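A.B. asks: File my_file_10.cif follows (mmCIF, C-alpha atoms):
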```cif
data_start
loop_
_atom_site.group_PDB
_atom_site.id
_atom_site.type_symbol
_atom_site.label_atom_id
_atom_site.label_comp_id
_atom_site.auth_asym_id
_atom_site.auth_seq_id
_atom_site.Cartn_x
_atom_site.Cartn_y
_atom_site.Cartn_z
ATOM 1 C CA MET A 1 4.365 34.982 15.680
ATOM 2 C CA ALA A 2 7.017 32.407 14.808
ATOM 3 C CA GLU A 3 6.171 30.017 12.011
ATOM 4 C CA THR A 4 5.293 26.497 13.140
ATOM 5 C CA THR A 5 7.802 23.839 12.154
ATOM 6 C CA MET A 6 7.745 20.055 12.107
ATOM 7 C CA MET A 7 9.991 17.063 11.512
ATOM 8 C CA ALA A 8 9.688 15.291 8.160
ATOM 9 C CA LEU A 9 11.498 12.389 6.485
ATOM 10 C CA CYS A 10 12.461 13.404 2.946
ATOM 11 C CA ARG A 11 14.421 12.211 -0.049
ATOM 12 C CA ALA A 12 17.104 14.889 -0.268
ATOM 13 C CA ARG A 13 20.713 15.120 -1.444
ATOM 14 C CA GLY A 14 20.691 11.534 -2.664
ATOM 15 C CA GLU A 15 19.318 9.841 0.451
ATOM 16 C CA ALA A 16 16.529 9.726 3.009
ATOM 17 C CA ARG A 17 17.061 12.579 5.469
ATOM 18 C CA LEU A 18 15.215 13.810 8.543
ATOM 19 C CA GLU A 19 14.656 17.553 8.245
ATOM 20 C CA ARG A 20 12.905 20.304 10.118
ATOM 21 C CA ARG A 21 10.656 22.296 7.838
ATOM 22 C CA SER A 22 7.659 24.593 7.953
ATOM 23 C CA ALA A 23 4.381 22.897 8.776
ATOM 24 C CA PRO A 24 2.161 22.628 5.675
ATOM 25 C CA LYS A 25 -0.783 24.932 5.077
ATOM 26 C CA PRO A 26 -3.836 23.485 3.294
ATOM 27 C CA ALA A 27 -4.732 24.751 -0.149
ATOM 28 C CA ARG A 28 -8.318 24.986 -1.335
ATOM 29 C CA GLY A 29 -9.942 21.534 -1.200
ATOM 30 C CA GLU A 30 -7.302 20.112 1.112
ATOM 31 C CA ALA A 31 -7.551 18.783 4.644
ATOM 32 C CA HIS A 32 -4.854 19.344 7.262
ATOM 33 C CA VAL A 33 -4.139 16.313 9.475
ATOM 34 C CA ARG A 34 -1.778 15.320 12.276
ATOM 35 C CA VAL A 35 -0.126 11.978 11.462
ATOM 36 C CA LEU A 36 -0.379 9.449 14.302
ATOM 37 C CA LEU A 37 1.300 6.458 12.673
ATOM 38 C CA ALA A 38 2.645 5.667 9.184
ATOM 39 C CA GLY A 39 3.489 2.262 7.713
ATOM 40 C CA VAL A 40 6.803 1.593 5.974
ATOM 41 C CA CYS A 41 6.185 0.099 2.523
ATOM 42 C CA ARG A 42 8.609 -1.232 -0.075
ATOM 43 C CA THR A 43 7.554 1.675 -2.306
ATOM 44 C CA ASP A 44 8.862 4.047 0.368
ATOM 45 C CA LEU A 45 12.192 2.217 0.356
ATOM 46 C CA TYR A 46 12.392 2.476 -3.444
ATOM 47 C CA ALA A 47 11.754 6.239 -3.201
ATOM 48 C CA ALA A 48 14.261 6.626 -0.363
ATOM 49 C CA ASN A 49 17.089 4.853 -2.180
ATOM 50 C CA GLY A 50 16.449 6.447 -5.572
ATOM 51 C CA VAL A 51 15.160 3.367 -7.421
ATOM 52 C CA LEU A 52 11.821 5.186 -7.712
ATOM 53 C CA PRO A 53 12.560 8.789 -8.745
ATOM 54 C CA VAL A 54 11.001 11.521 -6.626
ATOM 55 C CA ALA A 55 11.509 15.269 -6.484
ATOM 56 C CA GLU A 56 14.253 16.710 -4.305
ATOM 57 C CA GLY A 57 12.898 17.317 -0.814
ATOM 58 C CA ARG A 58 9.841 15.091 -1.248
ATOM 59 C CA VAL A 59 8.343 13.903 2.051
ATOM 60 C CA LEU A 60 7.954 10.126 1.823
ATOM 61 C CA GLY A 61 5.245 7.749 3.065
ATOM 62 C CA HIS A 62 1.714 6.855 1.947
ATOM 63 C CA GLU A 63 0.209 4.471 4.549
ATOM 64 C CA LEU A 64 -1.194 6.323 7.534
ATOM 65 C CA VAL A 65 -3.658 6.945 10.271
ATOM 66 C CA ALA A 66 -4.099 10.555 11.297
ATOM 67 C CA GLU A 67 -6.225 12.999 13.255
ATOM 68 C CA VAL A 68 -8.021 15.849 11.510
ATOM 69 C CA ILE A 69 -6.884 19.396 12.259
ATOM 70 C CA THR A 70 -9.072 21.069 9.616
ATOM 71 C CA SER A 71 -11.339 19.547 6.964
ATOM 72 C CA SER A 72 -14.465 20.472 5.046
ATOM 73 C CA ARG A 73 -15.833 16.924 5.561
ATOM 74 C CA PHE A 74 -14.750 15.868 9.041
ATOM 75 C CA ALA A 75 -14.728 17.508 12.462
ATOM 76 C CA ALA A 76 -11.445 18.325 14.148
ATOM 77 C CA GLY A 77 -10.161 15.301 16.047
ATOM 78 C CA THR A 78 -11.752 12.745 13.703
ATOM 79 C CA ARG A 79 -9.466 9.777 13.107
ATOM 80 C CA VAL A 80 -8.854 9.100 9.413
ATOM 81 C CA THR A 81 -6.810 7.163 6.909
ATOM 82 C CA ALA A 82 -6.137 8.209 3.319
ATOM 83 C CA TYR A 83 -6.475 6.833 -0.192
ATOM 84 C CA PRO A 84 -2.991 7.607 -1.552
ATOM 85 C CA TRP A 85 -3.850 8.196 -5.231
ATOM 86 C CA ILE A 86 -4.868 11.830 -5.542
ATOM 87 C CA ALA A 87 -7.005 12.822 -8.533
ATOM 88 C CA CYS A 88 -5.494 15.519 -10.752
ATOM 89 C CA GLY A 89 -8.797 17.417 -10.973
ATOM 90 C CA SER A 90 -8.260 18.506 -14.577
ATOM 91 C CA CYS A 91 -8.503 15.433 -16.841
ATOM 92 C CA VAL A 92 -11.506 14.135 -18.782
ATOM 93 C CA GLU A 93 -12.097 11.411 -16.181
ATOM 94 C CA CYS A 94 -12.157 13.930 -13.329
ATOM 95 C CA ALA A 95 -14.610 16.118 -15.248
ATOM 96 C CA ALA A 96 -16.860 13.084 -15.706
ATOM 97 C CA LYS A 97 -16.360 12.152 -12.018
ATOM 98 C CA THR A 98 -14.941 8.746 -12.950
ATOM 99 C CA GLU A 99 -11.636 7.137 -11.959
ATOM 100 C CA CYS A 100 -8.758 9.544 -12.657
ATOM 101 C CA THR A 101 -5.974 8.077 -14.808
ATOM 102 C CA SER A 102 -3.528 10.913 -14.035
ATOM 103 C CA THR A 103 -3.346 10.472 -10.292
ATOM 104 C CA ARG A 104 -0.548 11.843 -8.132
ATOM 105 C CA VAL A 105 0.751 9.393 -5.546
ATOM 106 C CA LEU A 106 1.153 10.393 -1.911
ATOM 107 C CA GLY A 107 4.800 10.280 -0.866
ATOM 108 C CA VAL A 108 5.977 10.078 -4.490
ATOM 109 C CA ASP A 109 4.390 12.915 -6.493
ATOM 110 C CA VAL A 110 3.232 14.977 -3.492
ATOM 111 C CA ASP A 111 4.478 15.216 0.081
ATOM 112 C CA GLY A 112 3.568 12.196 2.152
ATOM 113 C CA ALA A 113 2.970 10.803 5.619
ATOM 114 C CA PHE A 114 6.451 10.524 7.173
ATOM 115 C CA ALA A 115 5.923 13.872 8.885
ATOM 116 C CA GLU A 116 4.159 15.277 11.893
ATOM 117 C CA GLU A 117 1.533 16.980 9.729
ATOM 118 C CA LEU A 118 0.168 16.497 6.227
ATOM 119 C CA CYS A 119 -2.099 18.336 3.814
ATOM 120 C CA ILE A 120 -4.028 16.163 1.364
ATOM 121 C CA ASP A 121 -7.068 16.361 -0.891
ATOM 122 C CA ASP A 122 -10.051 16.194 1.442
ATOM 123 C CA ALA A 123 -11.757 13.668 -0.843
ATOM 124 C CA CYS A 124 -8.991 11.129 -0.107
ATOM 125 C CA LEU A 125 -9.795 10.892 3.606
ATOM 126 C CA HIS A 126 -11.790 8.040 5.153
ATOM 127 C CA GLU A 127 -12.929 7.953 8.760
ATOM 128 C CA VAL A 128 -11.778 5.111 11.008
ATOM 129 C CA SER A 129 -13.039 4.190 14.445
ATOM 130 C CA ARG A 130 -11.031 5.225 17.494
ATOM 131 C CA GLU A 131 -11.601 1.681 18.731
ATOM 132 C CA LEU A 132 -9.456 0.305 15.898
ATOM 133 C CA PRO A 133 -5.850 -0.128 17.128
ATOM 134 C CA LEU A 134 -3.475 2.352 15.526
ATOM 135 C CA ARG A 135 -1.312 -0.251 13.769
ATOM 136 C CA ARG A 136 -4.392 -1.812 12.165
ATOM 137 C CA ALA A 137 -5.651 1.627 11.151
ATOM 138 C CA ALA A 138 -2.288 2.443 9.542
ATOM 139 C CA TYR A 139 -2.442 -0.891 7.688
ATOM 140 C CA ILE A 140 -5.710 -0.171 5.862
ATOM 141 C CA GLU A 141 -3.997 0.854 2.602
ATOM 142 C CA PRO A 142 -2.270 -2.554 2.173
ATOM 143 C CA ILE A 143 -5.545 -4.283 3.061
ATOM 144 C CA ALA A 144 -7.384 -2.278 0.381
ATOM 145 C CA ALA A 145 -4.651 -3.120 -2.155
ATOM 146 C CA SER A 146 -4.798 -6.850 -1.368
ATOM 147 C CA LEU A 147 -8.591 -6.893 -1.176
ATOM 148 C CA ALA A 148 -8.674 -5.647 -4.777
ATOM 149 C CA VAL A 149 -7.711 -9.119 -6.035
ATOM 150 C CA ARG A 150 -11.351 -10.165 -5.566
ATOM 151 C CA LEU A 151 -12.419 -7.692 -8.232
ATOM 152 C CA PRO A 152 -11.383 -9.787 -11.267
ATOM 153 C CA PRO A 153 -13.692 -12.639 -12.384
ATOM 154 C CA ILE A 154 -12.462 -15.250 -9.893
ATOM 155 C CA THR A 155 -14.899 -17.471 -8.036
ATOM 156 C CA ARG A 156 -14.917 -19.558 -4.870
ATOM 157 C CA ALA A 157 -15.389 -22.660 -7.013
ATOM 158 C CA GLN A 158 -11.998 -22.140 -8.627
ATOM 159 C CA ARG A 159 -8.603 -23.118 -7.256
ATOM 160 C CA GLY A 160 -6.167 -20.246 -6.977
ATOM 161 C CA ALA A 161 -2.624 -19.435 -5.911
ATOM 162 C CA VAL A 162 -0.942 -16.362 -4.468
ATOM 163 C CA LEU A 163 2.658 -16.306 -5.666
ATOM 164 C CA GLY A 164 5.226 -15.137 -3.108
ATOM 165 C CA ALA A 165 6.535 -15.776 0.407
ATOM 166 C CA GLY A 166 6.455 -12.299 1.941
ATOM 167 C CA ARG A 167 3.990 -10.290 3.973
ATOM 168 C CA ILE A 168 1.865 -9.063 1.045
ATOM 169 C CA ALA A 169 1.458 -12.584 -0.318
ATOM 170 C CA THR A 170 0.420 -13.769 3.142
ATOM 171 C CA LEU A 171 -2.012 -10.870 3.590
ATOM 172 C CA THR A 172 -3.583 -11.497 0.187
ATOM 173 C CA THR A 173 -3.948 -15.219 0.911
ATOM 174 C CA ARG A 174 -5.585 -14.547 4.271
ATOM 175 C CA ILE A 175 -8.036 -12.085 2.786
ATOM 176 C CA LEU A 176 -9.150 -14.586 0.155
ATOM 177 C CA GLU A 177 -9.392 -17.387 2.731
ATOM 178 C CA HIS A 178 -11.436 -15.050 4.944
ATOM 179 C CA GLU A 179 -13.773 -14.518 1.977
ATOM 180 C CA GLY A 180 -14.150 -18.257 1.404
ATOM 181 C CA PHE A 181 -11.867 -18.749 -1.604
ATOM 182 C CA ASP A 182 -9.907 -21.961 -2.213
ATOM 183 C CA VAL A 183 -6.437 -20.447 -2.442
ATOM 184 C CA ARG A 184 -2.888 -21.531 -1.664
ATOM 185 C CA GLN A 185 0.195 -19.422 -1.048
ATOM 186 C CA VAL A 186 3.022 -20.651 -3.297
ATOM 187 C CA ALA A 187 6.585 -19.630 -2.426
ATOM 188 C CA THR A 188 8.351 -21.533 -5.214
ATOM 189 C CA VAL A 189 7.205 -23.329 -8.348
ATOM 190 C CA GLU A 190 7.339 -27.086 -7.823
ATOM 191 C CA ALA A 191 6.956 -29.532 -10.685
ATOM 192 C CA ASP A 192 3.603 -30.865 -9.481
ATOM 193 C CA ALA A 193 2.205 -27.326 -9.176
ATOM 194 C CA ARG A 194 2.737 -26.347 -12.807
ATOM 195 C CA GLY A 195 -0.538 -25.730 -14.570
ATOM 196 C CA ALA A 196 -2.474 -26.552 -11.400
ATOM 197 C CA PHE A 197 -4.410 -23.339 -10.754
ATOM 198 C CA ASP A 198 -7.360 -21.605 -12.373
ATOM 199 C CA TYR A 199 -5.910 -18.225 -11.412
ATOM 200 C CA VAL A 200 -2.604 -16.982 -10.007
ATOM 201 C CA ILE A 201 -2.018 -13.677 -8.223
ATOM 202 C CA GLU A 202 1.492 -12.223 -8.512
ATOM 203 C CA THR A 203 2.958 -10.103 -5.701
ATOM 204 C CA ASN A 204 6.306 -9.004 -7.231
ATOM 205 C CA GLU A 205 8.309 -11.464 -5.137
ATOM 206 C CA ARG A 206 8.722 -14.031 -7.937
ATOM 207 C CA PRO A 207 9.224 -13.632 -11.704
ATOM 208 C CA LEU A 208 6.066 -13.220 -13.761
ATOM 209 C CA ALA A 209 7.166 -16.341 -15.642
ATOM 210 C CA ASP A 210 6.425 -18.321 -12.466
ATOM 211 C CA ALA A 211 2.827 -17.118 -12.494
ATOM 212 C CA ILE A 212 2.509 -18.147 -16.138
ATOM 213 C CA ALA A 213 3.908 -21.584 -15.270
ATOM 214 C CA LEU A 214 1.496 -22.124 -12.384
ATOM 215 C CA VAL A 215 -1.749 -21.220 -14.114
ATOM 216 C CA LYS A 216 -3.773 -23.623 -16.250
ATOM 217 C CA ALA A 217 -4.261 -23.155 -19.976
ATOM 218 C CA GLN A 218 -6.880 -20.444 -20.555
ATOM 219 C CA GLY A 219 -6.429 -19.390 -16.923
ATOM 220 C CA LEU A 220 -6.127 -15.937 -15.367
ATOM 221 C CA VAL A 221 -3.094 -14.083 -14.006
ATOM 222 C CA VAL A 222 -3.947 -11.239 -11.615
ATOM 223 C CA LEU A 223 -1.370 -8.447 -11.611
ATOM 224 C CA LYS A 224 -1.288 -6.927 -8.157
ATOM 225 C CA SER A 225 2.184 -5.492 -7.539
ATOM 226 C CA ARG A 226 3.544 -2.074 -8.540
ATOM 227 C CA PRO A 227 7.270 -2.601 -9.210
ATOM 228 C CA PRO A 228 9.388 0.538 -9.711
ATOM 229 C CA THR A 229 10.941 -0.714 -12.957
ATOM 230 C CA SER A 230 9.854 -2.744 -15.996
ATOM 231 C CA VAL A 231 9.230 -6.477 -15.498
ATOM 232 C CA PRO A 232 10.240 -9.119 -18.099
ATOM 233 C CA PHE A 233 7.239 -10.793 -19.715
ATOM 234 C CA ASP A 234 7.203 -14.055 -21.684
ATOM 235 C CA LEU A 235 4.578 -13.168 -24.258
ATOM 236 C CA ALA A 236 5.046 -16.393 -26.236
ATOM 237 C CA ALA A 237 4.344 -18.566 -23.176
ATOM 238 C CA ALA A 238 1.237 -16.551 -22.345
ATOM 239 C CA VAL A 239 -0.080 -16.817 -25.912
ATOM 240 C CA LYS A 240 0.633 -20.547 -26.059
ATOM 241 C CA LYS A 241 -1.487 -21.096 -22.926
ATOM 242 C CA GLN A 242 -4.115 -18.552 -24.090
ATOM 243 C CA LEU A 243 -3.987 -16.749 -20.753
ATOM 244 C CA SER A 244 -5.923 -13.723 -19.604
ATOM 245 C CA PHE A 245 -4.365 -10.945 -17.523
ATOM 246 C CA VAL A 246 -6.064 -8.374 -15.334
ATOM 247 C CA ALA A 247 -4.479 -5.617 -13.249
ATOM 248 C CA VAL A 248 -5.978 -4.397 -9.968
ATOM 249 C CA ALA A 249 -5.227 -1.417 -7.721
ATOM 250 C CA TYR A 250 -7.545 -0.910 -4.727
ATOM 251 C CA ALA A 251 -10.822 -2.192 -3.362
ATOM 252 C CA PRO A 252 -13.124 0.442 -1.829
ATOM 253 C CA PHE A 253 -11.542 1.785 1.358
ATOM 254 C CA ALA A 254 -14.835 1.415 3.241
ATOM 255 C CA GLU A 255 -14.611 -2.362 2.729
ATOM 256 C CA ALA A 256 -10.954 -2.427 3.792
ATOM 257 C CA ILE A 257 -11.740 -0.432 6.941
ATOM 258 C CA ALA A 258 -14.479 -2.879 7.890
ATOM 259 C CA LEU A 259 -12.179 -5.839 7.236
ATOM 260 C CA ALA A 260 -9.317 -4.330 9.263
ATOM 261 C CA ALA A 261 -11.321 -4.761 12.456
ATOM 262 C CA ASN A 262 -11.565 -8.563 12.328
ATOM 263 C CA LEU A 263 -8.965 -9.937 9.911
ATOM 264 C CA GLU A 264 -6.228 -12.113 11.408
ATOM 265 C CA ILE A 265 -3.202 -9.840 10.883
ATOM 266 C CA ASP A 266 -1.610 -9.109 14.267
ATOM 267 C CA ASP A 267 1.369 -11.352 13.471
ATOM 268 C CA LEU A 268 2.005 -9.301 10.317
ATOM 269 C CA LEU A 269 2.247 -6.029 12.265
ATOM 270 C CA GLY A 270 5.657 -5.236 13.762
ATOM 271 C CA ASP A 271 7.380 -2.560 15.794
ATOM 272 C CA VAL A 272 6.775 1.186 15.932
ATOM 273 C CA TYR A 273 9.839 3.438 15.556
ATOM 274 C CA PRO A 274 10.173 7.179 16.154
ATOM 275 C CA LEU A 275 11.151 9.178 13.078
ATOM 276 C CA LEU A 276 14.643 9.614 14.534
ATOM 277 C CA ARG A 277 15.174 5.859 14.115
ATOM 278 C CA PHE A 278 13.931 5.646 10.538
ATOM 279 C CA ALA A 279 17.227 4.153 9.304
ATOM 280 C CA VAL A 280 16.786 1.133 11.581
ATOM 281 C CA ALA A 281 13.173 0.723 10.461
ATOM 282 C CA PHE A 282 14.163 0.977 6.781
ATOM 283 C CA GLU A 283 16.919 -1.605 7.150
ATOM 284 C CA ARG A 284 14.562 -4.078 8.827
ATOM 285 C CA ALA A 285 11.743 -3.360 6.368
ATOM 286 C CA SER A 286 14.012 -4.249 3.441
ATOM 287 C CA GLU A 287 14.087 -7.884 4.620
ATOM 288 C CA VAL A 288 11.520 -10.120 2.898
ATOM 289 C CA SER A 289 10.650 -11.756 6.224
ATOM 290 C CA SER A 290 10.057 -8.447 8.024
ATOM 291 C CA PRO A 291 6.629 -7.714 9.476
ATOM 292 C CA LYS A 292 5.027 -4.382 8.686
ATOM 293 C CA LEU A 293 6.962 -1.665 10.528
ATOM 294 C CA PHE A 294 5.699 1.765 11.452
ATOM 295 C CA LEU A 295 7.025 5.285 12.053
ATOM 296 C CA GLU A 296 5.569 7.539 14.725
ATOM 297 C CA PRO A 297 6.128 11.163 13.743
ATOM 298 C CA LYS A 298 5.139 12.771 17.050
ATOM 299 C CA GLY A 299 8.154 14.163 18.863
ATOM 300 C CA GLY A 300 10.571 13.229 16.030
#
```
Show me the file's structure as structure tokens.
C.D. replies:
Amino acid sequence: MAETTMMALCRARGEARLERRSAPKPARGEAHVRVLLAGVCRTDLYAANGVLPVAEGRVLGHELVAEVITSSRFAAGTRVTAYPWIACGSCVECAAKTECTSTRVLGVDVDGAFAEELCIDDACLHEVSRELPLRRAAYIEPIAASLAVRLPPITRAQRGAVLGAGRIATLTTRILEHEGFDVRQVATVEADARGAFDYVIETNERPLADAIALVKAQGLVVLKSRPPTSVPFDLAAAVKKQLSFVAVAYAPFAEAIALAANLEIDDLLGDVYPLLRFAVAFERASEVSSPKLFLEPKGG
């Protein structure tokens, strides 16, 4: 019997390339899924253009909604999304069943979602309703990442700011507003806004110095973004204002899945492209004003 093949978008020979390769086979503890839709993230662009180093031939993509082919936890045909940080399974934290600090990232350290099929640690899968539109289901990972900003000690009684003008800043602002927080999205630092906020959330669209300028003395800066390279940091300014910093990654996916059903996000969700048109999708996605774009692996 001939081996099954599939189309996959990889980082190969110095660029993003569409290749035909053998369909993956699940290892022990892995689920095998058919990708229905995958979101294009700035991290994927960094990996595609070499700013974020990845192995030769790595399949890109980490935001997805899929259908189970085989799994030890879900029946075939179950619709799922995936937590993209895969536990190593061998560190002290994994042995203690706490949060792994040596995670492998989907689409960066292991093959990702820009392919017709994917094998991933079964524990990373989360079921989503078939009633949830596919674009919303494929957008759960960004929702979980933005929802994590509630985890630091911020309160509804405080006044906060989300720094940035792009889609992630807008999503984060809407999530906090939905949860009843008094928060403002700040695109640029105006003179009257300096030192005006109890907490500021950075989204990697403005220098960290802007967040330090916006927050009050003894305020809090929430670090949300994951830039591919080092970010300049004005330590003296932070010490002078006696600021606190806290970094966040993800809120529980169950909460993000529930929120995805009723959050106002349709205007943030853009077009769906077949894998064959990935170059067009990547070019559009590189624009700050672009909505979230998606790739549909089925049929190339």
A.B. asks: List the spatial neighbours of Gly29 (chain A) as a ChimeraX atom specification - criterion: any atom at most 12 Å away, all atoms listed in the file, same-chain residues fewer than 2 positions off excluded.
C.D. replies: /A:25-27,31-32,70-73,86-87,89,119-125
A.B. asks: For the file shown, what are the residues hit by the PyMOL selection byres ((chain A and resi 218) around 12), laid out as a PDB file with C-alpha atoms, keeping the file's coordinate frame?
C.D. replies:
```
ATOM      1  CA  GLY A 195      -0.538 -25.730 -14.570  1.00  0.00           C
ATOM      2  CA  ALA A 196      -2.474 -26.552 -11.400  1.00  0.00           C
ATOM      3  CA  PHE A 197      -4.410 -23.339 -10.754  1.00  0.00           C
ATOM      4  CA  ASP A 198      -7.360 -21.605 -12.373  1.00  0.00           C
ATOM      5  CA  TYR A 199      -5.910 -18.225 -11.412  1.00  0.00           C
ATOM      6  CA  VAL A 200      -2.604 -16.982 -10.007  1.00  0.00           C
ATOM      7  CA  ILE A 212       2.509 -18.147 -16.138  1.00  0.00           C
ATOM      8  CA  LEU A 214       1.496 -22.124 -12.384  1.00  0.00           C
ATOM      9  CA  VAL A 215      -1.749 -21.220 -14.114  1.00  0.00           C
ATOM     10  CA  LYS A 216      -3.773 -23.623 -16.250  1.00  0.00           C
ATOM     11  CA  ALA A 217      -4.261 -23.155 -19.976  1.00  0.00           C
ATOM     12  CA  GLY A 219      -6.429 -19.390 -16.923  1.00  0.00           C
ATOM     13  CA  LEU A 220      -6.127 -15.937 -15.367  1.00  0.00           C
ATOM     14  CA  VAL A 221      -3.094 -14.083 -14.006  1.00  0.00           C
ATOM     15  CA  ALA A 237       4.344 -18.566 -23.176  1.00  0.00           C
ATOM     16  CA  ALA A 238       1.237 -16.551 -22.345  1.00  0.00           C
ATOM     17  CA  VAL A 239      -0.080 -16.817 -25.912  1.00  0.00           C
ATOM     18  CA  LYS A 240       0.633 -20.547 -26.059  1.00  0.00           C
ATOM     19  CA  LYS A 241      -1.487 -21.096 -22.926  1.00  0.00           C
ATOM     20  CA  GLN A 242      -4.115 -18.552 -24.090  1.00  0.00           C
ATOM     21  CA  LEU A 243      -3.987 -16.749 -20.753  1.00  0.00           C
ATOM     22  CA  SER A 244      -5.923 -13.723 -19.604  1.00  0.00           C
ATOM     23  CA  PHE A 245      -4.365 -10.945 -17.523  1.00  0.00           C
TER      24      PHE A 245
END
```
A.B. asks: Just say which residues the PyMOL selection byres ((chain A and resi 285) around 10) picks in this file, as a list of chain:residue names.
C.D. replies: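 Taken over the shown coordinates, the PyMOL selection byres ((chain A and resi 285) around 10) returns A:Val40, A:Cys41, A:Arg42, A:Asp44, A:Leu45, A:Gly270, A:Ala279, A:Val280, A:Ala281, A:Phe282, A:Glu283, A:Arg284, A:Ser286, A:Glu287, A:Val288, A:Ser289, A:Ser290, A:Pro291, A:Lys292, A:Leu293, A:Phe294.
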A.B. asks: Would you write out those residues with C-alpha atoms, as a PDB file, in the coordinates of the input?
C.D. replies:
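Contents of again_22.pdb, as written:
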```pdb
ATOM      1  CA  VAL A  40       6.803   1.593   5.974  1.00  0.00           C
ATOM      2  CA  CYS A  41       6.185   0.099   2.523  1.00  0.00           C
ATOM      3  CA  ARG A  42       8.609  -1.232  -0.075  1.00  0.00           C
ATOM      4  CA  ASP A  44       8.862   4.047   0.368  1.00  0.00           C
ATOM      5  CA  LEU A  45      12.192   2.217   0.356  1.00  0.00           C
ATOM      6  CA  GLY A 270       5.657  -5.236  13.762  1.00  0.00           C
ATOM      7  CA  ALA A 279      17.227   4.153   9.304  1.00  0.00           C
ATOM      8  CA  VAL A 280      16.786   1.133  11.581  1.00  0.00           C
ATOM      9  CA  ALA A 281      13.173   0.723  10.461  1.00  0.00           C
ATOM     10  CA  PHE A 282      14.163   0.977   6.781  1.00  0.00           C
ATOM     11  CA  GLU A 283      16.919  -1.605   7.150  1.00  0.00           C
ATOM     12  CA  ARG A 284      14.562  -4.078   8.827  1.00  0.00           C
ATOM     13  CA  SER A 286      14.012  -4.249   3.441  1.00  0.00           C
ATOM     14  CA  GLU A 287      14.087  -7.884   4.620  1.00  0.00           C
ATOM     15  CA  VAL A 288      11.520 -10.120   2.898  1.00  0.00           C
ATOM     16  CA  SER A 289      10.650 -11.756   6.224  1.00  0.00           C
ATOM     17  CA  SER A 290      10.057  -8.447   8.024  1.00  0.00           C
ATOM     18  CA  PRO A 291       6.629  -7.714   9.476  1.00  0.00           C
ATOM     19  CA  LYS A 292       5.027  -4.382   8.686  1.00  0.00           C
ATOM     20  CA  LEU A 293       6.962  -1.665  10.528  1.00  0.00           C
ATOM     21  CA  PHE A 294       5.699   1.765  11.452  1.00  0.00           C
TER      22      PHE A 294
END
```
A.B. asks: Restricting the calculation to only C-alpha atoms: of A:Pro232, A:Gly107, A:Pro252, A:Pro142, which residue gets closest to His126 (chain A)?
C.D. replies: A:Pro252
A.B. asks: Enter the distance from CA of Val222 (chain A) to CA of Pro152 (chain A), in Å, rounded to one decimal.
C.D. replies: 7.6 Å
